[in-house]
$ cat run19.cif   # mmCIF, C-alpha atoms (C1' of nucleotides)
data_upload
loop_
_atom_site.label_atom_id
_atom_site.label_comp_id
_atom_site.auth_asym_id
_atom_site.auth_seq_id
_atom_site.Cartn_x
_atom_site.Cartn_y
_atom_site.Cartn_z
CA MET A 1 148.73 123.81 20.45
CA PRO A 2 148.92 124.20 24.20
CA GLY A 3 152.36 124.77 25.64
CA GLU A 4 152.73 121.20 26.87
CA THR A 5 152.52 119.85 23.36
CA GLN A 6 155.36 122.03 22.22
CA ASP A 7 157.43 121.24 25.28
CA LEU A 8 157.14 117.56 24.48
CA ARG A 9 158.01 118.05 20.83
CA ASP A 10 161.02 120.12 21.80
CA ALA A 11 162.12 117.31 24.06
CA GLY A 12 161.82 114.89 21.16
CA LEU A 13 159.01 112.96 22.78
CA LYS A 14 155.86 111.82 21.10
CA VAL A 15 152.80 113.72 22.24
CA THR A 16 150.65 111.24 24.09
CA VAL A 17 147.79 111.64 26.52
CA PRO A 18 149.70 110.38 29.58
CA ARG A 19 152.64 112.67 28.91
CA VAL A 20 150.54 115.77 28.35
CA LYS A 21 148.42 115.08 31.39
CA ILE A 22 151.42 114.47 33.62
CA LEU A 23 153.03 117.69 32.43
CA GLN A 24 149.84 119.57 33.30
CA ILE A 25 149.73 118.04 36.74
CA LEU A 26 153.33 119.01 37.37
CA GLU A 27 152.57 122.51 36.16
CA SER A 28 149.78 123.06 38.60
CA ALA A 29 151.91 121.58 41.36
CA SER A 30 154.61 124.00 40.36
CA GLU A 31 152.27 126.93 40.89
CA SER A 32 151.64 125.88 44.44
CA ASN A 33 155.33 125.20 44.86
CA THR A 34 154.71 121.52 45.58
CA HIS A 35 156.95 118.55 44.97
CA MET A 36 155.21 115.38 43.88
CA SER A 37 156.17 111.75 44.16
CA ALA A 38 155.35 109.27 41.41
CA GLU A 39 152.55 108.02 43.60
CA ASP A 40 151.22 111.57 44.02
CA VAL A 41 151.14 112.06 40.26
CA TYR A 42 149.45 108.71 39.83
CA ARG A 43 146.70 109.63 42.29
CA ALA A 44 146.21 112.99 40.62
CA LEU A 45 145.70 111.20 37.31
CA LEU A 46 143.11 108.89 38.80
CA GLU A 47 141.26 111.84 40.27
CA ALA A 48 141.25 113.43 36.85
CA GLN A 49 139.63 110.28 35.48
CA GLU A 50 142.71 109.47 33.45
CA ASP A 51 143.40 105.78 33.19
CA VAL A 52 147.20 105.75 33.31
CA GLY A 53 149.24 102.99 34.88
CA LEU A 54 151.70 103.63 37.67
CA ALA A 55 154.47 102.08 35.59
CA THR A 56 153.82 104.66 32.91
CA VAL A 57 154.05 107.44 35.46
CA TYR A 58 157.49 106.20 36.46
CA ARG A 59 158.58 105.84 32.86
CA VAL A 60 157.33 109.28 31.89
CA LEU A 61 158.86 111.00 34.90
CA THR A 62 162.20 109.36 34.16
CA GLN A 63 161.99 110.47 30.54
CA PHE A 64 161.14 113.98 31.63
CA GLU A 65 164.15 113.96 33.87
CA SER A 66 166.40 112.88 31.02
CA ALA A 67 164.87 115.58 28.86
CA ALA A 68 165.53 118.12 31.61
CA LEU A 69 161.84 118.93 31.86
CA VAL A 70 161.78 117.95 35.51
CA VAL A 71 164.26 117.65 38.35
CA ARG A 72 164.29 114.65 40.65
CA HIS A 73 165.06 115.08 44.33
CA ASN A 74 165.87 112.49 46.96
CA PHE A 75 165.27 114.52 50.07
CA GLU A 76 164.71 111.42 52.07
CA SER A 77 165.38 107.80 51.35
CA GLY A 78 162.64 105.54 50.11
CA HIS A 79 161.21 107.65 47.34
CA SER A 80 161.90 110.44 44.90
CA VAL A 81 159.97 113.65 44.37
CA PHE A 82 159.79 115.62 41.17
CA GLU A 83 159.33 119.24 40.24
CA LEU A 84 159.09 121.01 36.93
CA ASP A 85 162.39 122.52 35.89
CA ARG A 86 161.74 126.21 35.42
CA GLY A 87 165.33 126.89 34.56
CA GLU A 88 166.55 128.91 37.47
CA HIS A 89 168.51 126.87 39.95
CA HIS A 90 167.49 126.96 43.59
CA ASP A 91 167.99 125.14 46.84
CA HIS A 92 165.42 123.97 49.36
CA MET A 93 164.40 124.65 52.90
CA VAL A 94 162.21 122.01 54.48
CA LEU A 95 160.00 122.89 57.43
CA ILE A 96 160.53 120.09 59.90
CA ASP A 97 157.04 120.16 61.34
CA SER A 98 154.90 120.51 58.26
CA GLY A 99 157.15 119.05 55.59
CA GLU A 100 156.52 122.19 53.55
CA VAL A 101 159.25 123.01 51.05
CA ILE A 102 160.46 126.53 50.46
CA GLU A 103 162.81 127.39 47.64
CA PHE A 104 165.66 129.81 47.88
CA SER A 105 168.78 130.76 46.08
CA ASP A 106 171.85 132.44 47.48
CA PRO A 107 174.77 133.71 45.43
CA VAL A 108 177.16 133.73 48.38
CA ILE A 109 176.71 130.02 48.95
CA GLU A 110 176.81 129.23 45.26
CA LYS A 111 180.10 131.04 44.89
CA ARG A 112 181.61 129.55 47.99
CA GLN A 113 180.77 126.04 46.85
CA ARG A 114 182.65 126.57 43.65
CA GLU A 115 185.61 127.91 45.57
CA ILE A 116 185.66 124.94 47.92
CA ALA A 117 185.58 122.42 45.10
CA GLU A 118 188.29 124.26 43.21
CA SER A 119 190.51 124.67 46.25
CA ARG A 120 190.52 120.87 46.43
CA GLY A 121 191.37 120.61 42.76
CA PHE A 122 187.91 119.67 41.54
CA GLU A 123 185.32 121.07 39.23
CA LEU A 124 181.88 121.59 40.74
CA VAL A 125 179.33 119.80 38.59
CA ASP A 126 176.26 119.86 40.75
CA HIS A 127 175.20 120.15 44.33
CA SER A 128 172.37 119.48 46.68
CA LEU A 129 171.62 121.70 49.64
CA VAL A 130 168.69 121.29 51.96
CA LEU A 131 168.18 123.35 55.10
CA TYR A 132 165.95 121.80 57.72
CA VAL A 133 164.30 124.59 59.65
CA ARG A 134 161.46 125.32 62.02
CA LYS A 135 159.51 128.25 63.31
CA PRO A 136 161.27 129.65 66.38
CA THR A 137 159.87 128.23 69.60
CA ARG A 138 158.52 131.61 70.65
CA MET B 1 186.22 97.07 78.70
CA PRO B 2 186.99 98.17 75.18
CA GLY B 3 185.65 101.52 74.14
CA GLU B 4 182.79 100.05 72.14
CA THR B 5 181.32 98.44 75.22
CA GLN B 6 181.20 101.74 77.03
CA ASP B 7 179.79 103.55 74.00
CA LEU B 8 176.92 101.08 73.92
CA ARG B 9 176.28 101.35 77.65
CA ASP B 10 176.27 105.13 77.38
CA ALA B 11 173.72 104.87 74.63
CA GLY B 12 171.56 102.71 76.86
CA LEU B 13 171.94 99.68 74.63
CA LYS B 14 172.65 96.17 75.78
CA VAL B 15 176.13 95.02 74.92
CA THR B 16 175.70 92.23 72.40
CA VAL B 17 178.09 90.63 69.98
CA PRO B 18 176.39 91.99 66.84
CA ARG B 19 176.36 95.53 68.20
CA VAL B 20 179.98 95.51 69.32
CA LYS B 21 181.14 93.98 66.06
CA ILE B 22 179.19 96.45 63.95
CA LEU B 23 180.60 99.34 65.93
CA GLN B 24 184.12 98.03 65.31
CA ILE B 25 183.47 97.71 61.61
CA LEU B 26 182.18 101.25 61.45
CA GLU B 27 185.22 102.42 63.36
CA SER B 28 187.67 100.95 60.91
CA ALA B 29 185.61 102.33 58.04
CA SER B 30 185.77 105.69 59.75
CA GLU B 31 189.57 105.57 59.72
CA SER B 32 189.59 105.15 55.98
CA ASN B 33 186.91 107.78 55.66
CA THR B 34 184.49 105.31 54.11
CA HIS B 35 180.71 105.31 54.19
CA MET B 36 179.11 101.89 54.40
CA SER B 37 175.69 100.63 53.40
CA ALA B 38 173.84 98.05 55.48
CA GLU B 39 174.83 95.50 52.87
CA ASP B 40 178.49 96.54 53.18
CA VAL B 41 178.40 96.07 56.93
CA TYR B 42 176.70 92.73 56.49
CA ARG B 43 179.40 91.51 54.11
CA ALA B 44 182.13 92.74 56.46
CA LEU B 45 180.53 90.69 59.24
CA LEU B 46 180.47 87.57 57.10
CA GLU B 47 184.11 88.05 56.20
CA ALA B 48 184.88 88.32 59.90
CA GLN B 49 183.16 84.97 60.40
CA GLU B 50 180.41 86.60 62.42
CA ASP B 51 177.05 85.00 61.89
CA VAL B 52 174.78 88.03 62.00
CA GLY B 53 171.60 88.38 60.01
CA LEU B 54 171.03 91.24 57.61
CA ALA B 55 167.86 92.20 59.44
CA THR B 56 169.90 92.63 62.59
CA VAL B 57 172.32 94.88 60.76
CA TYR B 58 169.44 97.11 59.74
CA ARG B 59 167.99 97.10 63.23
CA VAL B 60 171.31 97.91 64.86
CA LEU B 61 172.19 100.67 62.42
CA THR B 62 168.81 102.28 63.00
CA GLN B 63 169.30 102.07 66.75
CA PHE B 64 172.75 103.58 66.43
CA GLU B 65 171.25 106.40 64.44
CA SER B 66 168.65 107.06 67.14
CA ALA B 67 171.40 106.96 69.73
CA ALA B 68 173.41 109.45 67.67
CA LEU B 69 176.27 107.00 67.35
CA VAL B 70 176.05 107.07 63.58
CA VAL B 71 174.74 109.40 60.93
CA ARG B 72 172.68 108.14 58.02
CA HIS B 73 173.07 109.68 54.58
CA ASN B 74 170.93 109.35 51.48
CA PHE B 75 173.36 110.58 48.88
CA GLU B 76 171.60 108.71 46.17
CA SER B 77 168.23 107.10 46.14
CA GLY B 78 167.91 103.38 46.59
CA HIS B 79 169.93 102.90 49.72
CA SER B 80 171.35 104.61 52.78
CA VAL B 81 174.97 104.80 53.87
CA PHE B 82 176.18 105.20 57.41
CA GLU B 83 179.18 106.71 59.11
CA LEU B 84 180.26 106.91 62.71
CA ASP B 85 179.38 110.22 64.30
CA ARG B 86 182.61 111.67 65.52
CA GLY B 87 180.97 114.80 66.79
CA GLU B 88 182.32 117.43 64.46
CA HIS B 89 179.90 118.31 61.75
CA HIS B 90 181.01 118.21 58.14
CA ASP B 91 179.61 118.17 54.65
CA HIS B 92 180.43 115.91 51.72
CA MET B 93 181.91 116.09 48.29
CA VAL B 94 181.18 113.12 46.05
CA LEU B 95 183.44 112.36 43.11
CA ILE B 96 181.10 111.67 40.22
CA ASP B 97 183.31 109.14 38.51
CA SER B 98 184.58 107.06 41.39
CA GLY B 99 181.85 107.61 43.96
CA GLU B 100 184.58 108.46 46.46
CA VAL B 101 183.41 110.65 49.32
CA ILE B 102 185.48 113.50 50.68
CA GLU B 103 184.51 115.37 53.81
CA PHE B 104 184.86 119.07 54.30
CA SER B 105 183.64 121.81 56.53
CA ASP B 106 183.39 125.47 55.73
CA PRO B 107 182.54 128.18 58.25
CA VAL B 108 181.47 130.67 55.59
CA ILE B 109 178.77 128.35 54.30
CA GLU B 110 177.72 127.32 57.79
CA LYS B 111 177.26 130.92 58.79
CA ARG B 112 175.46 131.88 55.62
CA GLN B 113 172.98 129.03 56.00
CA ARG B 114 172.04 130.26 59.42
CA GLU B 115 171.58 133.77 58.07
CA ILE B 116 169.38 132.59 55.25
CA ALA B 117 167.11 130.60 57.54
CA GLU B 118 166.85 133.49 59.98
CA SER B 119 166.19 136.06 57.29
CA ARG B 120 163.11 134.00 56.42
CA GLY B 121 162.08 133.85 60.05
CA PHE B 122 163.19 130.30 60.74
CA GLU B 123 165.60 128.56 63.00
CA LEU B 124 168.16 126.34 61.28
CA VAL B 125 167.97 122.89 62.82
CA ASP B 126 170.00 120.82 60.43
CA HIS B 127 171.19 120.76 56.88
CA SER B 128 172.53 118.54 54.18
CA LEU B 129 175.03 119.72 51.61
CA VAL B 130 176.61 117.52 48.98
CA LEU B 131 178.88 118.81 46.24
CA TYR B 132 179.16 116.61 43.18
CA VAL B 133 182.55 117.19 41.65
CA ARG B 134 184.99 115.72 39.18
CA LYS B 135 188.62 116.00 38.29
CA PRO B 136 189.05 118.77 35.71
CA THR B 137 189.01 117.43 32.18
CA ARG B 138 192.67 118.34 31.63
"C1'" DT C 1 152.88 100.96 8.28
"C1'" DT C 2 155.76 100.91 12.00
"C1'" DG C 3 158.38 102.00 15.69
"C1'" DG C 4 157.58 104.29 19.93
"C1'" DT C 5 154.19 103.91 23.98
"C1'" DT C 6 151.14 101.92 27.33
"C1'" DG C 7 148.92 98.75 30.79
"C1'" DC C 8 149.35 94.89 33.44
"C1'" DA C 9 151.55 91.58 35.89
"C1'" DA C 10 155.68 89.76 37.37
"C1'" DA C 11 160.33 90.87 38.90
"C1'" DC C 12 163.45 93.53 41.79
"C1'" DA C 13 166.02 95.92 45.47
"C1'" DA C 14 166.17 97.94 49.90
"C1'" DT C 15 164.29 97.72 54.21
"C1'" DT C 16 160.96 96.16 57.81
"C1'" DT C 17 158.36 92.97 60.63
"C1'" DG C 18 156.38 88.63 63.02
"C1'" DC C 19 157.64 85.19 65.77
"C1'" DA C 20 159.92 81.51 68.20
"C1'" DT C 21 164.52 81.01 70.11
"C1'" DA C 22 168.68 82.67 72.39
"C1'" DA C 23 171.29 85.73 75.08
"C1'" DA C 24 172.09 89.70 78.37
"C1'" DT C 25 171.37 91.64 82.91
"C1'" DA D 1 163.87 85.02 85.92
"C1'" DT D 2 162.88 88.71 82.94
"C1'" DT D 3 163.46 91.48 79.43
"C1'" DT D 4 165.52 92.54 75.25
"C1'" DA D 5 167.93 90.96 71.06
"C1'" DT D 6 168.59 87.87 67.19
"C1'" DG D 7 167.86 84.92 63.02
"C1'" DC D 8 165.07 83.59 59.54
"C1'" DA D 9 161.49 83.88 56.49
"C1'" DA D 10 157.74 86.36 54.96
"C1'" DA D 11 155.86 90.90 54.13
"C1'" DT D 12 156.27 95.85 52.52
"C1'" DT D 13 157.54 99.71 49.77
"C1'" DG D 14 159.30 102.03 45.87
"C1'" DT D 15 160.62 101.24 41.32
"C1'" DT D 16 161.74 98.61 37.02
"C1'" DT D 17 160.96 95.36 33.27
"C1'" DG D 18 158.90 91.89 29.81
"C1'" DC D 19 155.55 91.64 26.62
"C1'" DA D 20 151.38 91.84 23.83
"C1'" DA D 21 148.16 95.33 22.45
"C1'" DC D 22 147.82 100.14 20.97
"C1'" DC D 23 148.49 104.56 18.93
"C1'" DA D 24 150.96 108.75 17.09
"C1'" DA D 25 153.47 110.16 13.12
#
$ encode --input "run19.cif" --output "structure tokens"
Amino acid sequence: MPGETQDLRDAGLKVTVPRVKILQILESASESNTHMSAEDVYRALLEAQEDVGLATVYRVLTQFESAALVVRHNFESGHSVFELDRGEHHDHMVLIDSGEVIEFSDPVIEKRQREIAESRGFELVDHSLVLYVRKPTR
Amino acid sequence: MPGETQDLRDAGLKVTVPRVKILQILESASESNTHMSAEDVYRALLEAQEDVGLATVYRVLTQFESAALVVRHNFESGHSVFELDRGEHHDHMVLIDSGEVIEFSDPVIEKRQREIAESRGFELVDHSLVLYVRKPTR
DNA sequence: TTGGTTGCAAACAATTTGCATAAAT
DNA sequence: ATTTATGCAAATTGTTTGCAACCAA
């Protein structure tokens, strides 16, 4: 009866060991505000002695994305990273030196984006905003 | 003495046929506000009867990026698209249905981004903003 | 029981690299 | 004459798919 089981049921997915375990891994990553790649999740599973194939990790993550349990980001080309969808929308700030990701949300920008799209005659469906920042030189 | 030749010299790159031709292709794409993938550029070269290898296209585009002649975007995972860097910064709006890319620039958002980074104690170095929009349903 | 799920290997797509040859300065 | 660039094929990387065995409902 842990939460993961219910989350999976709600998403209409069968409750299997790989899926529960992957959800748990994403949950702990979420606590430390970390974004994981499929490869990262795969390694975490191996460390936890779980014998899950990499292909399954990809399949499960894609299913989770469709079920809106996770959000996929393509910050850089070459690979995707995933994070648990905790509902509230936010944007990202990436520290150039460390690669650390900080989340933020700003109503002014959100509003302005909608205005810009509408002023061009469009409806804003989604957006992606990443600020690349660094600690001031001194 | 065409402009491309000088651009390459200024960038410290040898003036070769592939490089000049690729610059020209990116220039005409720039006029029609189009973003091209490496594959797109490669096909354009073939159509122009230029016998340039795909690997060279990748190498040249990467060099152009380092030389700040072009900007690379990763709108969607799987492949990069390139556009000539005409100096003025701008963001992008992608039409969900057609994939068409529209450029825009908004001082309010630019300013706010800087404020957000600074309020967290960081210096804004760069950013990426993409609005995914669609034509209103009716 | 039975259809959804998994592991494994093979298949793919985008991009990179090694190397011998060709071209630019 | 040197140094750098190119073409081609082979190698890499990230991700997807076919399929037989497996497992949750």
$ atom_distance --input "run19.cif" --atom1 "atom CA of A:Ile102" --atom2 "atom CA of A:Thr34"
9.1 Å
$ resolve_selection --input "run19.cif" --expression "the PyMOL selection byres ((chain A and resi 93) around 10)" --output "JSON, numbers by chain"
{"A": [91, 92, 94, 95, 96, 99, 100, 101, 102, 103, 104, 129, 130, 131, 132, 133, 134], "B": [116, 117, 122, 124, 127]}
$ interface_residues --input "run19.cif" --of "chain D" --to "chain A" --cutoff "10 Å" --atoms "all atoms listed in the file" --output "list in words"
DT13, DG14, DT15, DT16, DT17, DC23, DA24 and DA25 of chain D
$ resolve_selection --input "run19.cif" --expression "the PyMOL selection byres ((chain C) within 10 of (chain B))" --output "list in words"
DA13, DA14, DT15, DT16, DT17, DA23, DA24 and DT25 of chain C
$ residues_around --input "run19.cif" --residues "A:Val57" --least-positions-apart "3" --cutoff "8 Å" --atoms "all atoms listed in the file" --output "mmCIF file with C-alpha atoms, keeping the file's coordinate frame"
data_model
loop_
_atom_site.group_PDB
_atom_site.id
_atom_site.type_symbol
_atom_site.label_atom_id
_atom_site.label_comp_id
_atom_site.auth_asym_id
_atom_site.auth_seq_id
_atom_site.Cartn_x
_atom_site.Cartn_y
_atom_site.Cartn_z
ATOM 1 C CA PRO A 18 149.700 110.380 29.580
ATOM 2 C CA ILE A 22 151.420 114.470 33.620
ATOM 3 C CA ALA A 38 155.350 109.270 41.410
ATOM 4 C CA VAL A 41 151.140 112.060 40.260
ATOM 5 C CA TYR A 42 149.450 108.710 39.830
ATOM 6 C CA VAL A 52 147.200 105.750 33.310
ATOM 7 C CA GLY A 53 149.240 102.990 34.880
ATOM 8 C CA LEU A 54 151.700 103.630 37.670
ATOM 9 C CA VAL A 60 157.330 109.280 31.890
ATOM 10 C CA LEU A 61 158.860 111.000 34.900
#
$ resolve_selection --input "run19.cif" --expression "the PyMOL selection byres ((chain B and resi 35) around 9)" --output "list in words"
Leu26, Ala29, Ser30, Asn33, Thr34, Met36, Ser37, His73, Val81, Phe82, Glu83, Leu84 and Val101 of chain B
$ atom_distance --input "run19.cif" --atom1 "atom CA of B:Ala68" --atom2 "atom CA of B:Leu46"
25.3 Å
$ atom_distance --input "run19.cif" --atom1 "atom C1' of C:DA10" --atom2 "atom CA of B:Glu76"
26.3 Å
$ closest_residue --input "run19.cif" --among "A:Arg120, A:Arg9, A:Arg19, A:Lys135" --to "chain B" --atoms "only C-alpha atoms"
A:Lys135
$ closest_residue --input "run19.cif" --among "B:Ala11, B:Val125, B:Leu23, B:Leu45" --to "chain A" --atoms "only C-alpha atoms"
B:Val125
$ residues_around --input "run19.cif" --residues "C:DA22" --least-positions-apart "6" --cutoff "10 Å" --atoms "all atoms listed in the file" --output "PyMOL selection string"
chain D and resi 5-7
$ axis_aligned_box --input "run19.cif" --around "stretch 10-24 of chain C" --padding-each-side "3 Å" --output "lines of an AutoDock Vina configuration file"
center_x = 163.9
center_y = 89.5
center_z = 57.9
size_x = 22.4
size_y = 22.9
size_z = 47.0
$ closest_residue --input "run19.cif" --among "B:Asp10, B:Glu123, B:Gln24, B:Thr137" --to "chain A" --atoms "all atoms listed in the file"
B:Glu123
$ residues_around --input "run19.cif" --residues "D:DG18" --least-positions-apart "6" --cutoff "12 Å" --atoms "only C-alpha atoms (C1' of nucleotides)" --output "mmCIF file with C-alpha atoms (C1' of nucleotides), in the frame of the given file"
data_model
loop_
_atom_site.group_PDB
_atom_site.id
_atom_site.type_symbol
_atom_site.label_atom_id
_atom_site.label_comp_id
_atom_site.auth_asym_id
_atom_site.auth_seq_id
_atom_site.Cartn_x
_atom_site.Cartn_y
_atom_site.Cartn_z
ATOM 1 C "C1'" DC C 8 149.350 94.890 33.440
ATOM 2 C "C1'" DA C 9 151.550 91.580 35.890
ATOM 3 C "C1'" DA C 10 155.680 89.760 37.370
ATOM 4 C "C1'" DA C 11 160.330 90.870 38.900
#
$ decode --input "run19.cif" --residues "stretch 98-116 of chain A" --atoms "N, CA and C atoms" --output "short mmCIF file (atom, residue, chain, number, x, y, z; two decimals), in the first residue's frame"
data_model
loop_
_atom_site.label_atom_id
_atom_site.label_comp_id
_atom_site.auth_asym_id
_atom_site.auth_seq_id
_atom_site.Cartn_x
_atom_site.Cartn_y
_atom_site.Cartn_z
N SER A 98 29.11 23.95 -12.11
CA SER A 98 28.87 22.68 -11.45
C SER A 98 27.82 21.82 -12.16
N GLY A 99 27.01 22.43 -13.01
CA GLY A 99 25.95 21.66 -13.64
C GLY A 99 24.73 21.54 -12.73
N GLU A 100 24.84 22.06 -11.53
CA GLU A 100 23.73 22.00 -10.57
C GLU A 100 22.49 22.69 -11.14
N VAL A 101 21.34 22.14 -10.85
CA VAL A 101 20.09 22.70 -11.36
C VAL A 101 19.27 23.27 -10.21
N ILE A 102 18.86 24.50 -10.38
CA ILE A 102 18.03 25.15 -9.36
C ILE A 102 16.69 25.48 -10.00
N GLU A 103 15.62 25.20 -9.28
CA GLU A 103 14.31 25.47 -9.83
C GLU A 103 13.82 26.84 -9.38
N PHE A 104 13.03 27.46 -10.22
CA PHE A 104 12.41 28.72 -9.82
C PHE A 104 11.13 28.90 -10.61
N SER A 105 10.36 29.84 -10.17
CA SER A 105 9.11 30.11 -10.84
C SER A 105 8.87 31.60 -10.71
N ASP A 106 8.48 32.24 -11.77
CA ASP A 106 8.27 33.68 -11.70
C ASP A 106 7.01 34.11 -12.45
N PRO A 107 6.05 34.63 -11.72
CA PRO A 107 4.77 35.01 -12.31
C PRO A 107 4.89 36.09 -13.38
N VAL A 108 5.84 37.00 -13.21
CA VAL A 108 5.99 38.07 -14.21
C VAL A 108 6.34 37.48 -15.57
N ILE A 109 7.30 36.56 -15.56
CA ILE A 109 7.71 35.94 -16.81
C ILE A 109 6.59 35.08 -17.39
N GLU A 110 5.93 34.34 -16.52
CA GLU A 110 4.84 33.49 -16.99
C GLU A 110 3.79 34.32 -17.71
N LYS A 111 3.44 35.42 -17.09
CA LYS A 111 2.39 36.28 -17.65
C LYS A 111 2.85 36.89 -18.97
N ARG A 112 4.07 37.37 -18.97
CA ARG A 112 4.59 38.02 -20.16
C ARG A 112 4.65 37.06 -21.34
N GLN A 113 4.98 35.82 -21.07
CA GLN A 113 5.04 34.82 -22.14
C GLN A 113 3.68 34.67 -22.80
N ARG A 114 2.67 34.61 -21.97
CA ARG A 114 1.32 34.47 -22.51
C ARG A 114 0.97 35.68 -23.37
N GLU A 115 1.34 36.84 -22.88
CA GLU A 115 1.05 38.06 -23.63
C GLU A 115 1.75 38.08 -24.98
N ILE A 116 3.00 37.65 -24.97
CA ILE A 116 3.77 37.65 -26.22
C ILE A 116 3.13 36.72 -27.25
#
